[in-house]
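Working notes for the structure below.
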Amino acid sequence: QIEGEKIFINTGSTTVIPDIRGLKESKYIHTSTTLMDLEQLPEKLVIIGAGYIGLEFASMYSAFGSEVTVVDAAEKLLPREDEEIADRVKTILEGKGIKFLLKGKIEEIFDKNEKGYVKVSGEEVEADAILVAIGRKPNTEGLNLEAAGVKTDEKGAVTVDETLQTSIDNIWAMGDVKGGLQFTYISLDDFRIIRDNVYGNGNRTVNDRNVIPYSVFINPPLSRVGMTESEAVSKGYEVKTGRLEAMAIPKAKIEGQTDGLLKTVIDAKTDKILGCTLLCNTSHEMINVVAAVMKAEQKYTFLKDMIFTHPTMSEALNDLFGSVK
C-alpha cells in the first residue's frame, strides 16, 4: 500500500483497440506510439480512423513518401468541422496522394506473404504497416480506483468537480485520465487549477475555460476556436460570416504555401466573434490571436482594424474580418 497526504491521478490515456477479426493476431498493427518507433519507412501505410490523429499521421507519412490509405466508417471527413473546410481538407490531402475509403466497413485484418491486409467492404488493401487511430480512452484500467472510492464514468474517466477534485477528499485527477479534451495545454491548465486550489487562493476552476483553440497538424494545419456557422445557427444566433482564400495572403505566396481557406462566424447583434476556422500555413499560431480577442470579448472589428507587421500570415486577419457581411 502507498499512502500520501495528497494524491494526484495523472495516468493519461491509451489507444482504443477495436474488435476487428484478426487485428490482435497481425504483426503489422501499430499505435501512434509504436509506428514512430519503426526504423524503416512503410512503403504502404493503412490508417484505420480519419479523426484528427489519423489525419495528422496520414499527412506526415505521405510527406515522408509512404503510400497512405485512410479507412473510416463515417460518410464524410471531419463531420464536426465546417463542411466547406472539411471538403477542402479532403481535396488538399487527396492532392498529396492520400486515398480515402469513407463509409468503409472493415471485415478482417490478416497477414499474407510478409504483408498485412485490411479487407474493406470486400476490397483487400495491402500494407507494410497498419495504424489504429480510432481514438483514445482514459488509462484507468488496473488502478483499482474503486478500492479507494474514486468514481469513474461509463467511459472509464475519473469523475471530477470544477476544481478537478475526485469523489474523495485530497485526491485529484488531471490530464486525459479525467476525460474531456485531450490536449497538452488542457493538462497544463489542469495543473494550474489544482495548484491554485491546493496551494493558492482557490479562484481557478474549469469554468474559466470558455475559449479553447485547437489545431490539427496536417499540412496546411487546421485550427479552430469557437463554433462553426451551422453550430451557431442551431443555437439560435443571427450570424454574419467572413471568408478568405489562403492564396490571397501575400505571405502565403512568398512561402509557396497557398492551399487553404479561412472562415469566421460573427454574432450579428453584438459583433462578437462566435468562431473562427483557419486552414492555412501557420494557422496554429494565428488562432491564438483570435482566441485572445474572443476571451477579451472584443468585437470582430478589433481584428479588422488591428495593425499587424508585414509580411506575415497574421495580417490576413485584417482581410478575413474585413470580409464580414
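By convention in this document, the chains of the C-alpha cells carry letters A, B, ... by their order, each chain's residues are numbered from 1, and ligands are numbered from 1 in the order they are shown.
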
DSSP strand (DSSP E) residues within segment 30-190 of chain A, as number ranges by chain: A: 30, 44-48, 67-72, 99-102, 106-112, 115-120, 123-127, 129-132, 136-138, 171-173

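Close contacts of segment 188-196 of chain A, defined as residues with an atom at most 10 Å away when counting only C-alpha atoms, with chain neighbours fewer than 2 positions off set aside, comprise Phe8, Glu162, Thr163, Leu164, Gln165, Trp172, Ala173, Met174, Gly175, Phe183, Thr184, Tyr185, Ile186, Val198, Tyr199, Gly200, Asn201, Gly202, Asn203, Arg204, Thr205, Val206, Asp208 and Arg209 of chain A.
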
List the spatial neighbours of Ile109 of chain A as a PyMOL selection string - criterion: any atom at most 6 Å away, only C-alpha atoms, same-chain residues fewer than 2 positions off excluded. chain A and resi 22-23+117-118

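For the set A:Ser323, A:Asn219, A:Asn170, A:Gln298, the residue with the smallest atom-to-atom gap to Thr91 of chain A is A:Asn219, counting only C-alpha atoms.
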
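Taking atom CA of Asp111 of chain A and atom CA of Phe64 of chain A as the two end points, the separation is 24.3 Å.
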
Who sits within 10 Å of Val158 of chain A, only C-alpha atoms, same chain under 5 positions skipped, as a CSV table (one decimal) with C-alpha atoms, in the first residue's frame:
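part31.csv written:
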```csv
chain,number,residue,atom,x,y,z
A,9,ILE,CA,-4.0,10.8,-10.7
A,138,PRO,CA,-8.7,7.2,-20.2
A,139,ASN,CA,-5.9,5.0,-18.8
A,140,THR,CA,-7.7,3.8,-15.6
A,145,LEU,CA,-9.8,3.1,-8.1
A,150,VAL,CA,-12.8,7.1,-6.5
A,151,LYS,CA,-15.7,7.2,-9.0
A,152,THR,CA,-15.4,6.9,-12.8
A,153,ASP,CA,-17.9,7.4,-15.6
A,164,LEU,CA,-10.6,18.7,-10.5
A,165,GLN,CA,-11.1,17.0,-7.1
A,166,THR,CA,-12.4,13.4,-7.3
A,167,SER,CA,-15.2,11.9,-5.3
A,172,TRP,CA,-7.4,15.0,-7.7
A,173,ALA,CA,-7.2,14.0,-11.4
A,174,MET,CA,-5.7,15.9,-14.3
A,176,ASP,CA,-6.5,12.8,-20.3
A,177,VAL,CA,-7.4,10.4,-17.5
A,178,LYS,CA,-10.3,12.6,-16.4
A,179,GLY,CA,-11.9,12.6,-19.9
```

Would you kindly return, as an NGL selection string, each protein, DNA or RNA residue with an atom no farther than 10 Å from any atom of Gly226 of chain A, considering only C-alpha atoms and excluding same-chain residues fewer than 4 positions away? :A and (210-214 or 231-232 or 264-265 or 273-277 or 290-291 or 294)

Excluding Thr301 of chain A and residues on its chain fewer than 2 positions from it, collect all residues at most 8 Å away from it, counting only C-alpha atoms, and give them as a JSON list (two decimals) with C-alpha atoms, in the first residue's frame.
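And here is the file that came out, out-v9.json:
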```json
[["chain", "number", "residue", "atom", "x", "y", "z"],
["A", 271, "ASP", "CA", -20.46, 41.94, -33.46],
["A", 299, "LYS", "CA", -15.80, 42.95, -31.37],
["A", 303, "LEU", "CA", -9.00, 42.41, -35.64],
["A", 304, "LYS", "CA", -10.31, 44.06, -38.80],
["A", 305, "ASP", "CA", -8.52, 47.30, -37.82],
["A", 321, "PHE", "CA", -12.58, 40.08, -40.62],
["A", 322, "GLY", "CA", -12.80, 42.87, -43.17]]
```

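When only C-alpha atoms are used to measure the gap to Tyr300 of chain A, the shortest distance among A:Val324, A:Leu278, A:Leu101, A:Met313 belongs to A:Val324.
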
Could you give me the residues within segment 202-254 of chain A that DSSP places in helix (DSSP H, G or I), as a PyMOL selection string? chain A and resi 206-208+229-234+246-248+250-254

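You can rank A:Ile171, A:His310, A:Leu35, A:Lys137 by their closest distance to Glu3 of chain A using only C-alpha atoms, and at the top of that list sits A:Ile171.
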
Nearby residues (only C-alpha atoms) at most 8 Å from Phe217 of chain A, same-chain spacing under 4 positions excluded, as a JSON list (two decimals) with N, CA, C and O atoms, in the first residue's frame:
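out_29.json, written as the output of this step:
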```json
[["chain", "number", "residue", "atom", "x", "y", "z"],
["A", 56, "GLU", "N", -3.41, 13.50, -39.06],
["A", 56, "GLU", "CA", -2.04, 14.00, -38.83],
["A", 56, "GLU", "C", -1.00, 13.00, -39.31],
["A", 56, "GLU", "O", -0.02, 13.37, -39.97],
["A", 221, "PRO", "N", -1.91, 23.22, -41.60],
["A", 221, "PRO", "CA", -2.61, 22.92, -40.35],
["A", 221, "PRO", "C", -4.02, 23.50, -40.33],
["A", 221, "PRO", "O", -4.29, 24.56, -40.89],
["A", 222, "LEU", "N", -4.91, 22.77, -39.67],
["A", 222, "LEU", "CA", -6.30, 23.20, -39.47],
["A", 222, "LEU", "C", -6.45, 23.63, -38.02],
["A", 222, "LEU", "O", -6.17, 22.86, -37.10]]
```

Return the single residue from A:Ala316, A:Ile168, A:Leu261, A:Ile266 that is closest to Lys6 of chain A, with distances computed using only C-alpha atoms. A:Ile168

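Shortest atom-to-atom contact with Leu244 of chain A among A:Met227, A:Asp161, A:Cys280, A:Arg80: A:Cys280, counting only C-alpha atoms.
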
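Of the residues under consideration (A:Glu126, A:Glu315, A:Glu285, A:Glu146), A:Glu315 shows the shortest atom-to-atom contact distance to Ile249 of chain A when counting only C-alpha atoms.
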